[in-house]
Amino acid sequence: MSAEDVVLLDCWVSPFCMRVKIALEEKGIQYEERAEDLFGGKSELLLTSNPIYTKVPVLVHKGKPVCESSIIVGYVDETWASPPLLPSSPYARAQAKFQADYIDKKLFDAGSSIWRTKGEAQEVAVKDFIEVLKQLEKFLGDKDFFGGDSFGFVDIITIGITSWFSAYEIFGNFKVEDHAPKLSAWINRCMQRKTVAKVIPDPEKVYEFVINLKKMMGFE
Amino acid sequence: MSGESVKLLGYWASPFALRVKWALKLKEIEYQYVEEDLPNKSPLLLRYNPVHKRVPVLVHDGKPVAESLIILEYIDETWKHNPILPQDPYERAQARFWAGFIDEKCVPAIMSAFTNQGEEKEKAAKEARENLKTLESALGGKDFFGGETVGFVDIAAGWIGLWARNVEEIAEVNLIDAETMPLLNAWFGRVLEAPVLKECVPPRDKLLEHNRGFHKILTAASS
C-alpha cells in the first residue's frame with residue numbers, strides 16, 4: 001500500500017487535523033498530506049469530498065472520503081488494527097466515546113470564546129474554559145493517560161487543542177497549570193511521544209496565527 | 001440473558017430515549033424502564049450522568065452509559081445479534097456521519113423553527129428543509145438507511161417523523177415536504193410503521209399536547 005492510497009486534506013493549525021495525523025502516525029500508516037488554504041480558496045477535492053461541511057480534515061482512502069475528525073480516528077482504528085486506539089471492552093469504549101464527545105462539544109468552543117471576547121465577557125469565557133479543564137481532570141483522574149496506562153483514543157482527540165492553550169493563556173491572562181496541574185502534566189507526558197511531537201505545531205506559531213485570524217475576523 | 005440487569009432511565013416524550021428503546025427492542029433485550037419525572041431529575045439520574053444530567057442513561061449491571069448514539073453503539077457491541085451498525089469500517093463511518101448530521105444540523109434547525117417566531121422561524125424552517133433534503137440523499141433508493149432492514153441511522157432519525165410533524169402543526173411551518181423530499185417522506189412512514197418500532201412510539205395525541213404546552217411556554221417567554 002502506498003501513500004497515494006491515503007490522502008489527508010489538512011491544515012497545519014487545525015487541532016482536528018492533528019487528531020487524524022497522530023492516529024495515522026500511531027498506526028504507522030504512510031499518507032499524503034495535502035495542505036488546504038482555508039482562506040485562499042478550498043480545493044476542488046475538498047469541496048467534492050466534503051460537500052456538506054467543506055471542512056478539514058478529510059481522509060480519502062482509496063478514493064473514498066471520510067469526514068469529521070472523531071469519526072475519521074474511529075475509521076483509522078477499525079481499518080488498521082494495530083496498535084488499538086480504543087480499549088477492547090464495550091463499556092470502556094463507551095466511556096472513551098463519551099469523553100471524546102464532551103471534548104468535541106466543549107473544549108474548542110470554550111477556548112475560542114476567550115480570544116473572541118474582551119473585558120467582562122472574556123473573564124466569563126476564561127472561567128468557563130477552566131470549568132471544562134476541571135472536568136477533563138475528573139476524566140483523567142490519577143491515570144497517566146485518559147484510557148489508563150497507554151496513550152489512546154481520548155488522548156489523541158484532546159492533545160491537538162492544547163497547542164492553542166498558550167494563545168488562550170496570553171489573551172485571557174491566566175495559566176492552565178495554575179488551575180489544572182494534572183492536565184498540564186498529561187500534556188507534557190503526551191509531548192514526549194514521537195508521534196505527538198511530530199504533529200503538534202509550535203504554540204508560538206499558533207499564537208501568531210490566532211492574532212492574524214482575530215484581525216481577519218474583525219475581533220480587535 | 002439471566003443474571004444481567006439492564007435499566008433505562010428515560011422520559012416518555014424524549015426522542016433520544018426512544019432511540020435507545022428501539023435498539024433494545026430490536027435486540028430483544030429485557031430491561032427495566034425508569035421514567036424520569038422531568039424537570040424534577042432524580043438523584044439516581046444525577047448520580048449516573050453527572051456531566052450532562054439528562055436522559056437517556058442505560059445502566060448495565062450497575063454501570064451507566066450516557067448519550068443516545070453512544071448507547072446505541074454500546075448496545076450493538078455488547079449484544080451482537082441483529083446488528084445495528086454495518087460491519088465494514090467505511091460503511092460504519094458513513095452511518096456515524098449521518099447520525100452526527102442529524103444531531104448537529106437537523107435537530108437545532110427544527111428546534112429553532114419551534115422556538116422562534118416570524119422571520120427567524122421561517123429562516124430556521126428553510127434550513128431544516130434543506131438539511132432534511134440533504135439527509136434524503138443518504139437514503140438513495142433503499143427502503144431504510146440500513147438497507148433492507150432498520151439500522152443505526154434509521155434509529156437515529158426516525159423520531160423526526162413524529163416530532164417534526166408536531167412542530168409543523170403547532171408552529172405552522174413546513175418541514176417535511178412530500179413534494180421536494182418524496183423518498184424521505186415515504187421512509188418516515190415506513191420506519192414509524194415498522195413492527196418492533198411502532199410499539200415504542202409515544203401516543204401521538206399525548207405527544208402533540210405535550211409539545212403544544214411547551215410551545216406556549218416558549219413563545220410566551222419571548223413575547
# chains A, B, ... in the order shown; residues from 1 in each chain; ligands from 1
>>> closest_atom_pairs(of="chain A", to="chain B", cutoff="7 Å", atoms="only C-alpha atoms", output="JSON lines")
{"residue": "A:Val66", "atom": "CA", "partner": "B:Ala93", "partner_atom": "CA", "distance": 6.8}
{"residue": "A:Ile71", "atom": "CA", "partner": "B:Ala93", "partner_atom": "CA", "distance": 6.0}
{"residue": "A:Tyr75", "atom": "CA", "partner": "B:Pro89", "partner_atom": "CA", "distance": 5.9}
{"residue": "A:Glu78", "atom": "CA", "partner": "B:Pro89", "partner_atom": "CA", "distance": 6.0}
{"residue": "A:Thr79", "atom": "CA", "partner": "B:Pro89", "partner_atom": "CA", "distance": 6.2}
{"residue": "A:Pro90", "atom": "CA", "partner": "B:Tyr74", "partner_atom": "CA", "distance": 5.8}
{"residue": "A:Tyr91", "atom": "CA", "partner": "B:Tyr74", "partner_atom": "CA", "distance": 6.9}
{"residue": "A:Ala94", "atom": "CA", "partner": "B:Tyr74", "partner_atom": "CA", "distance": 6.0}
{"residue": "A:Lys97", "atom": "CA", "partner": "B:Ile70", "partner_atom": "CA", "distance": 6.8}
{"residue": "A:Phe98", "atom": "CA", "partner": "B:Ile70", "partner_atom": "CA", "distance": 6.9}
>>> write_last_selection(atoms="C-alpha atoms", output="mmCIF file, in the first residue's frame")
data_model
loop_
_atom_site.group_PDB
_atom_site.id
_atom_site.type_symbol
_atom_site.label_atom_id
_atom_site.label_comp_id
_atom_site.auth_asym_id
_atom_site.auth_seq_id
_atom_site.Cartn_x
_atom_site.Cartn_y
_atom_site.Cartn_z
ATOM 1 C CA VAL A 66 -14.296 10.014 5.432
ATOM 2 C CA ILE A 71 -15.240 9.597 13.002
ATOM 3 C CA TYR A 75 -12.295 4.633 10.972
ATOM 4 C CA GLU A 78 -11.125 -0.066 12.658
ATOM 5 C CA THR A 79 -9.301 -0.266 9.328
ATOM 6 C CA PRO A 90 -17.643 -2.239 25.220
ATOM 7 C CA TYR A 91 -18.014 -0.327 28.495
ATOM 8 C CA ALA A 94 -18.388 3.794 25.613
ATOM 9 C CA LYS A 97 -16.502 7.882 23.241
ATOM 10 C CA PHE A 98 -18.405 9.796 25.921
#
>>> select_by_dssp(residues="range 167-197 of chain A", states="alpha helix (DSSP H)", output="PyMOL selection string")
chain A and resi 167-172+176-179+181-191+194-197
>>> write_last_selection(atoms="N, CA, C and O atoms", output="tab-separated table (two decimals), in the first residue's frame")
chain	number	residue	atom	x	y	z
A	167	ALA	N	-1.99	30.44	23.37
A	167	ALA	CA	-2.72	31.60	22.83
A	167	ALA	C	-3.85	32.01	23.78
A	167	ALA	O	-4.03	33.18	24.10
A	168	TYR	N	-4.61	31.01	24.26
A	168	TYR	CA	-5.71	31.31	25.20
A	168	TYR	C	-5.16	31.97	26.46
A	168	TYR	O	-5.74	32.93	26.98
A	169	GLU	N	-4.02	31.45	26.94
A	169	GLU	CA	-3.42	31.97	28.18
A	169	GLU	C	-3.01	33.43	28.02
A	169	GLU	O	-3.23	34.25	28.91
A	170	ILE	N	-2.41	33.74	26.87
A	170	ILE	CA	-1.95	35.12	26.63
A	170	ILE	C	-3.15	36.06	26.53
A	170	ILE	O	-3.20	37.10	27.18
A	171	PHE	N	-4.13	35.68	25.73
A	171	PHE	CA	-5.31	36.54	25.56
A	171	PHE	C	-6.11	36.66	26.85
A	171	PHE	O	-6.61	37.72	27.20
A	172	GLY	N	-6.24	35.55	27.56
A	172	GLY	CA	-7.10	35.53	28.75
A	172	GLY	C	-6.38	35.85	30.04
A	172	GLY	O	-7.00	35.96	31.10
A	176	VAL	N	-2.94	27.72	32.50
A	176	VAL	CA	-3.61	26.43	32.62
A	176	VAL	C	-3.07	25.65	33.82
A	176	VAL	O	-3.82	25.08	34.61
A	177	GLU	N	-1.76	25.72	33.98
A	177	GLU	CA	-1.07	24.97	35.05
A	177	GLU	C	-1.59	25.33	36.44
A	177	GLU	O	-1.65	24.48	37.33
A	178	ASP	N	-1.96	26.61	36.62
A	178	ASP	CA	-2.44	27.06	37.93
A	178	ASP	C	-3.77	26.41	38.29
A	178	ASP	O	-4.08	26.21	39.45
A	179	HIS	N	-4.60	26.14	37.29
A	179	HIS	CA	-5.94	25.63	37.53
A	179	HIS	C	-6.07	24.14	37.28
A	179	HIS	O	-6.95	23.50	37.86
A	181	PRO	N	-3.30	21.40	37.11
A	181	PRO	CA	-1.92	20.89	37.10
A	181	PRO	C	-1.80	19.47	36.57
A	181	PRO	O	-0.81	19.14	35.90
A	182	LYS	N	-2.82	18.63	36.85
A	182	LYS	CA	-2.76	17.24	36.37
A	182	LYS	C	-2.83	17.21	34.85
A	182	LYS	O	-2.16	16.41	34.19
A	183	LEU	N	-3.67	18.09	34.30
A	183	LEU	CA	-3.81	18.15	32.86
A	183	LEU	C	-2.50	18.64	32.22
A	183	LEU	O	-2.06	18.12	31.20
A	184	SER	N	-1.87	19.63	32.87
A	184	SER	CA	-0.59	20.14	32.39
A	184	SER	C	0.45	19.02	32.34
A	184	SER	O	1.20	18.90	31.37
A	185	ALA	N	0.46	18.21	33.39
A	185	ALA	CA	1.40	17.08	33.45
A	185	ALA	C	1.10	16.10	32.32
A	185	ALA	O	2.01	15.56	31.68
A	186	TRP	N	-0.18	15.88	32.06
A	186	TRP	CA	-0.59	14.97	30.99
A	186	TRP	C	-0.13	15.51	29.63
A	186	TRP	O	0.36	14.74	28.80
A	187	ILE	N	-0.24	16.83	29.44
A	187	ILE	CA	0.20	17.44	28.18
A	187	ILE	C	1.69	17.14	27.97
A	187	ILE	O	2.11	16.67	26.90
A	188	ASN	N	2.49	17.38	29.02
A	188	ASN	CA	3.93	17.15	28.91
A	188	ASN	C	4.25	15.69	28.62
A	188	ASN	O	5.13	15.38	27.82
A	189	ARG	N	3.47	14.81	29.26
A	189	ARG	CA	3.65	13.37	29.06
A	189	ARG	C	3.41	13.00	27.59
A	189	ARG	O	4.16	12.26	26.98
A	190	CYS	N	2.33	13.55	27.03
A	190	CYS	CA	1.99	13.24	25.63
A	190	CYS	C	3.04	13.78	24.68
A	190	CYS	O	3.38	13.14	23.68
A	191	MET	N	3.55	14.98	24.99
A	191	MET	CA	4.52	15.62	24.09
A	191	MET	C	5.83	14.83	24.02
A	191	MET	O	6.62	15.03	23.10
A	194	LYS	N	6.81	10.41	20.28
A	194	LYS	CA	7.33	10.80	18.96
A	194	LYS	C	6.22	11.24	18.03
A	194	LYS	O	6.34	12.25	17.33
A	195	THR	N	5.14	10.45	17.99
A	195	THR	CA	4.05	10.73	17.05
A	195	THR	C	3.41	12.08	17.34
A	195	THR	O	3.05	12.82	16.43
A	196	VAL	N	3.31	12.42	18.62
A	196	VAL	CA	2.69	13.68	19.02
A	196	VAL	C	3.63	14.85	18.72
A	196	VAL	O	3.23	15.84	18.10
A	197	ALA	N	4.89	14.70	19.12
A	197	ALA	CA	5.88	15.77	18.89
A	197	ALA	C	6.01	16.09	17.41
A	197	ALA	O	6.23	17.24	17.02
>>> select_by_dssp(residues="range 7-207 of chain A", states="strand (DSSP E or B)", output="list of chain:residue names")
A:Val7, A:Leu8, A:Leu9, A:Asp10, A:Glu32, A:Glu33, A:Arg34, A:Ala35, A:Val58, A:Leu59, A:Val60, A:His61, A:Lys64, A:Pro65, A:Val66, A:Cys67, A:Phe145, A:Gly148
>>> atom_distance(atom1="CA of Phe114 in chain B", atom2="CA of Ile217 in chain B")
11.5 Å
>>> residues_around(residues="Ala99 in chain B", least_positions_apart="6", cutoff="8 Å", atoms="only C-alpha atoms", output="JSON, numbers by chain")
{"B": [69, 152, 153, 156, 157]}
>>> residues_around(residues="Glu136 in chain B", least_positions_apart="3", cutoff="9 Å", atoms="only C-alpha atoms", output="list in words")
Asn131, Leu132, Lys133, Leu139, Gly140, Met181, Pro182, Leu183, Leu184 and Asn185 of chain B
>>> closest_residue(among="B:Leu175, B:Ala221, B:Val150, B:Leu58", to="Asn82 in chain B", atoms="only C-alpha atoms")
B:Val150
>>> residues_around(residues="Asp77 in chain A", least_positions_apart="2", cutoff="10 Å", atoms="only C-alpha atoms", output="MDAnalysis selection string")
(chainID A and resid 23:24 26:27 71:75 79:86 153) or (chainID B and resid 89)
>>> residues_around(residues="range 198-206 of chain B", least_positions_apart="4", cutoff="12 Å", atoms="only C-alpha atoms", output="PyMOL selection string")
chain B and resi 11-26+33+155+158-163+165-166+188-194+210-213
>>> write_last_selection(atoms="N, CA and C atoms", output="compact mmCIF listing (two decimals), in the first residue's frame")
# COMPACT_ATOMS: atom_id res chain seq x y z
N TYR B 11 -37.48 9.32 29.44
CA TYR B 11 -38.63 10.21 29.58
C TYR B 11 -39.53 9.91 28.39
N TRP B 12 -40.81 9.75 28.62
CA TRP B 12 -41.73 9.26 27.59
C TRP B 12 -41.71 10.12 26.34
N ALA B 13 -41.46 11.44 26.51
CA ALA B 13 -41.54 12.36 25.38
C ALA B 13 -40.16 12.67 24.78
N SER B 14 -39.14 11.96 25.22
CA SER B 14 -37.80 12.24 24.70
C SER B 14 -37.48 11.41 23.48
N PRO B 15 -37.17 12.06 22.35
CA PRO B 15 -36.80 11.31 21.15
C PRO B 15 -35.48 10.55 21.33
N PHE B 16 -34.63 11.05 22.22
CA PHE B 16 -33.33 10.41 22.43
C PHE B 16 -33.49 9.11 23.22
N ALA B 17 -34.43 9.11 24.17
CA ALA B 17 -34.76 7.89 24.90
C ALA B 17 -35.40 6.88 23.95
N LEU B 18 -36.21 7.38 23.02
CA LEU B 18 -36.88 6.50 22.05
C LEU B 18 -35.86 5.72 21.22
N ARG B 19 -34.77 6.41 20.84
CA ARG B 19 -33.72 5.73 20.08
C ARG B 19 -33.25 4.48 20.82
N VAL B 20 -33.03 4.64 22.12
CA VAL B 20 -32.50 3.53 22.93
C VAL B 20 -33.54 2.42 23.08
N LYS B 21 -34.80 2.82 23.30
CA LYS B 21 -35.88 1.82 23.39
C LYS B 21 -35.92 0.99 22.12
N TRP B 22 -35.82 1.66 20.97
CA TRP B 22 -35.84 0.96 19.69
C TRP B 22 -34.70 -0.05 19.59
N ALA B 23 -33.51 0.37 19.97
CA ALA B 23 -32.34 -0.51 19.89
C ALA B 23 -32.52 -1.72 20.81
N LEU B 24 -32.99 -1.49 22.03
CA LEU B 24 -33.19 -2.58 22.99
C LEU B 24 -34.25 -3.56 22.46
N LYS B 25 -35.32 -3.00 21.87
CA LYS B 25 -36.39 -3.86 21.35
C LYS B 25 -35.89 -4.67 20.16
N LEU B 26 -35.14 -4.04 19.26
CA LEU B 26 -34.63 -4.73 18.07
C LEU B 26 -33.70 -5.88 18.47
N TYR B 33 -37.54 -0.24 32.71
CA TYR B 33 -37.64 1.15 32.29
C TYR B 33 -37.95 2.02 33.51
N ILE B 155 -32.64 4.39 13.26
CA ILE B 155 -32.94 4.54 14.69
C ILE B 155 -32.65 5.98 15.14
N GLY B 158 -35.48 8.33 12.93
CA GLY B 158 -36.91 8.02 12.82
C GLY B 158 -37.83 8.95 13.59
N TRP B 159 -37.39 9.40 14.76
CA TRP B 159 -38.23 10.25 15.62
C TRP B 159 -38.68 11.53 14.92
N ILE B 160 -37.88 11.97 13.93
CA ILE B 160 -38.20 13.23 13.25
C ILE B 160 -39.59 13.16 12.61
N GLY B 161 -39.94 11.95 12.14
CA GLY B 161 -41.25 11.78 11.52
C GLY B 161 -42.40 12.18 12.42
N LEU B 162 -42.24 11.97 13.73
CA LEU B 162 -43.29 12.35 14.69
C LEU B 162 -43.14 13.80 15.13
N TRP B 163 -41.95 14.12 15.65
CA TRP B 163 -41.72 15.41 16.26
C TRP B 163 -41.83 16.56 15.26
N ARG B 165 -43.50 16.67 12.56
CA ARG B 165 -44.91 16.85 12.17
C ARG B 165 -45.64 17.66 13.24
N ASN B 166 -45.29 17.43 14.50
CA ASN B 166 -45.90 18.20 15.58
C ASN B 166 -45.48 19.66 15.49
N PHE B 188 -40.21 7.95 6.31
CA PHE B 188 -40.77 8.26 7.63
C PHE B 188 -41.96 7.35 7.92
N GLY B 189 -42.82 7.22 6.91
CA GLY B 189 -43.99 6.35 7.07
C GLY B 189 -43.56 4.93 7.35
N ARG B 190 -42.60 4.46 6.58
CA ARG B 190 -42.11 3.08 6.69
C ARG B 190 -41.48 2.80 8.05
N VAL B 191 -40.64 3.68 8.53
CA VAL B 191 -39.90 3.42 9.76
C VAL B 191 -40.82 3.48 10.99
N LEU B 192 -41.78 4.40 10.97
CA LEU B 192 -42.66 4.52 12.14
C LEU B 192 -43.70 3.41 12.18
N GLU B 193 -43.91 2.75 11.04
CA GLU B 193 -44.85 1.63 10.99
C GLU B 193 -44.15 0.28 11.12
N ALA B 194 -42.82 0.28 11.13
CA ALA B 194 -42.07 -0.97 11.21
C ALA B 194 -42.45 -1.70 12.50
N HIS B 210 -48.36 17.68 24.66
CA HIS B 210 -47.14 17.95 25.44
C HIS B 210 -46.27 19.00 24.73
N ASN B 211 -46.07 18.79 23.41
CA ASN B 211 -45.26 19.73 22.64
C ASN B 211 -45.94 21.09 22.56
N ARG B 212 -47.28 21.05 22.45
CA ARG B 212 -48.04 22.29 22.35
C ARG B 212 -47.88 23.10 23.64
N GLY B 213 -47.93 22.38 24.78
CA GLY B 213 -47.74 23.03 26.07
C GLY B 213 -46.39 23.73 26.16
>>> closest_residue(among="B:Leu197, B:Ala124, B:Val55, B:Ala220", to="Lys41 in chain B", atoms="only C-alpha atoms")
B:Val55
>>> residues_around(residues="Leu8 in chain A", least_positions_apart="3", cutoff="9 Å", atoms="only C-alpha atoms", output="JSON, numbers by chain")
{"A": [17, 20, 21, 31, 32, 33, 34, 35, 56, 57, 58, 59, 60, 61]}
>>> closest_residue(among="B:Gln32, B:Asn174, B:Ser137, B:Asn49", to="Ala113 in chain B", atoms="only C-alpha atoms")
B:Asn174
>>> closest_residue(among="B:Lys142, B:Val196, B:Ile29, B:Glu122", to="His81 in chain B", atoms="only C-alpha atoms")
B:Ile29
>>> decode(residues="range 82-111 of chain A", atoms="N, CA and C atoms", output="mmCIF file, in the first residue's frame")
data_model
loop_
_atom_site.group_PDB
_atom_site.id
_atom_site.type_symbol
_atom_site.label_atom_id
_atom_site.label_comp_id
_atom_site.auth_asym_id
_atom_site.auth_seq_id
_atom_site.Cartn_x
_atom_site.Cartn_y
_atom_site.Cartn_z
ATOM 1 N N SER A 82 -3.695 -2.513 14.381
ATOM 2 C CA SER A 82 -2.639 -2.458 15.387
ATOM 3 C C SER A 82 -1.823 -1.163 15.353
ATOM 4 N N PRO A 83 -1.473 -0.598 16.497
ATOM 5 C CA PRO A 83 -1.980 -0.919 17.822
ATOM 6 C C PRO A 83 -3.388 -0.351 18.034
ATOM 7 N N PRO A 84 -4.224 -0.987 18.836
ATOM 8 C CA PRO A 84 -5.586 -0.473 19.011
ATOM 9 C C PRO A 84 -5.578 0.870 19.739
ATOM 10 N N LEU A 85 -6.426 1.773 19.274
ATOM 11 C CA LEU A 85 -6.514 3.103 19.896
ATOM 12 C C LEU A 85 -7.625 3.129 20.936
ATOM 13 N N LEU A 86 -8.695 2.372 20.678
ATOM 14 C CA LEU A 86 -9.793 2.267 21.627
ATOM 15 C C LEU A 86 -9.580 1.015 22.467
ATOM 16 N N PRO A 87 -10.056 1.022 23.716
ATOM 17 C CA PRO A 87 -9.956 -0.192 24.526
ATOM 18 C C PRO A 87 -10.844 -1.300 23.955
ATOM 19 N N SER A 88 -10.714 -2.518 24.497
ATOM 20 C CA SER A 88 -11.465 -3.624 23.907
ATOM 21 C C SER A 88 -12.840 -3.834 24.514
ATOM 22 N N SER A 89 -13.037 -3.498 25.791
ATOM 23 C CA SER A 89 -14.346 -3.783 26.382
ATOM 24 C C SER A 89 -15.369 -2.734 25.962
ATOM 25 N N PRO A 90 -16.615 -3.191 25.650
ATOM 26 C CA PRO A 90 -17.643 -2.239 25.220
ATOM 27 C C PRO A 90 -17.859 -1.097 26.213
ATOM 28 N N TYR A 91 -17.781 -1.390 27.515
ATOM 29 C CA TYR A 91 -18.014 -0.327 28.495
ATOM 30 C C TYR A 91 -16.896 0.711 28.467
ATOM 31 N N ALA A 92 -15.646 0.245 28.407
ATOM 32 C CA ALA A 92 -14.505 1.177 28.343
ATOM 33 C C ALA A 92 -14.566 1.989 27.051
ATOM 34 N N ARG A 93 -14.999 1.363 25.955
ATOM 35 C CA ARG A 93 -15.131 2.064 24.679
ATOM 36 C C ARG A 93 -16.202 3.154 24.788
ATOM 37 N N ALA A 94 -17.307 2.817 25.438
ATOM 38 C CA ALA A 94 -18.388 3.794 25.613
ATOM 39 C C ALA A 94 -17.897 4.985 26.445
ATOM 40 N N GLN A 95 -17.113 4.707 27.483
ATOM 41 C CA GLN A 95 -16.567 5.794 28.315
ATOM 42 C C GLN A 95 -15.657 6.685 27.487
ATOM 43 N N ALA A 96 -14.810 6.068 26.655
ATOM 44 C CA ALA A 96 -13.888 6.828 25.804
ATOM 45 C C ALA A 96 -14.675 7.698 24.820
ATOM 46 N N LYS A 97 -15.701 7.120 24.206
ATOM 47 C CA LYS A 97 -16.502 7.882 23.241
ATOM 48 C C LYS A 97 -17.246 9.014 23.936
ATOM 49 N N PHE A 98 -17.699 8.771 25.154
ATOM 50 C CA PHE A 98 -18.405 9.796 25.921
ATOM 51 C C PHE A 98 -17.478 10.980 26.192
ATOM 52 N N GLN A 99 -16.265 10.664 26.639
ATOM 53 C CA GLN A 99 -15.300 11.730 26.939
ATOM 54 C C GLN A 99 -14.911 12.483 25.669
ATOM 55 N N ALA A 100 -14.699 11.761 24.574
ATOM 56 C CA ALA A 100 -14.359 12.398 23.300
ATOM 57 C C ALA A 100 -15.501 13.309 22.851
ATOM 58 N N ASP A 101 -16.727 12.861 23.053
ATOM 59 C CA ASP A 101 -17.902 13.644 22.679
ATOM 60 C C ASP A 101 -17.962 14.934 23.501
ATOM 61 N N TYR A 102 -17.675 14.834 24.802
ATOM 62 C CA TYR A 102 -17.664 16.009 25.680
ATOM 63 C C TYR A 102 -16.613 17.012 25.199
ATOM 64 N N ILE A 103 -15.435 16.493 24.874
ATOM 65 C CA ILE A 103 -14.334 17.350 24.418
ATOM 66 C C ILE A 103 -14.710 18.014 23.088
ATOM 67 N N ASP A 104 -15.329 17.249 22.193
ATOM 68 C CA ASP A 104 -15.801 17.785 20.918
ATOM 69 C C ASP A 104 -16.778 18.940 21.130
ATOM 70 N N LYS A 105 -17.679 18.737 22.073
ATOM 71 C CA LYS A 105 -18.754 19.714 22.262
ATOM 72 C C LYS A 105 -18.272 20.962 23.005
ATOM 73 N N LYS A 106 -17.263 20.808 23.864
ATOM 74 C CA LYS A 106 -16.968 21.895 24.803
ATOM 75 C C LYS A 106 -15.628 22.605 24.616
ATOM 76 N N LEU A 107 -14.560 21.830 24.397
ATOM 77 C CA LEU A 107 -13.212 22.388 24.590
ATOM 78 C C LEU A 107 -12.837 23.471 23.595
ATOM 79 N N PHE A 108 -12.965 23.197 22.298
ATOM 80 C CA PHE A 108 -12.513 24.161 21.295
ATOM 81 C C PHE A 108 -13.341 25.442 21.347
ATOM 82 N N ASP A 109 -14.659 25.299 21.483
ATOM 83 C CA ASP A 109 -15.538 26.477 21.535
ATOM 84 C C ASP A 109 -15.258 27.324 22.770
ATOM 85 N N ALA A 110 -15.028 26.653 23.911
ATOM 86 C CA ALA A 110 -14.733 27.401 25.139
ATOM 87 C C ALA A 110 -13.442 28.197 24.967
ATOM 88 N N GLY A 111 -12.465 27.600 24.327
ATOM 89 C CA GLY A 111 -11.195 28.286 24.079
ATOM 90 C C GLY A 111 -11.356 29.439 23.101
#
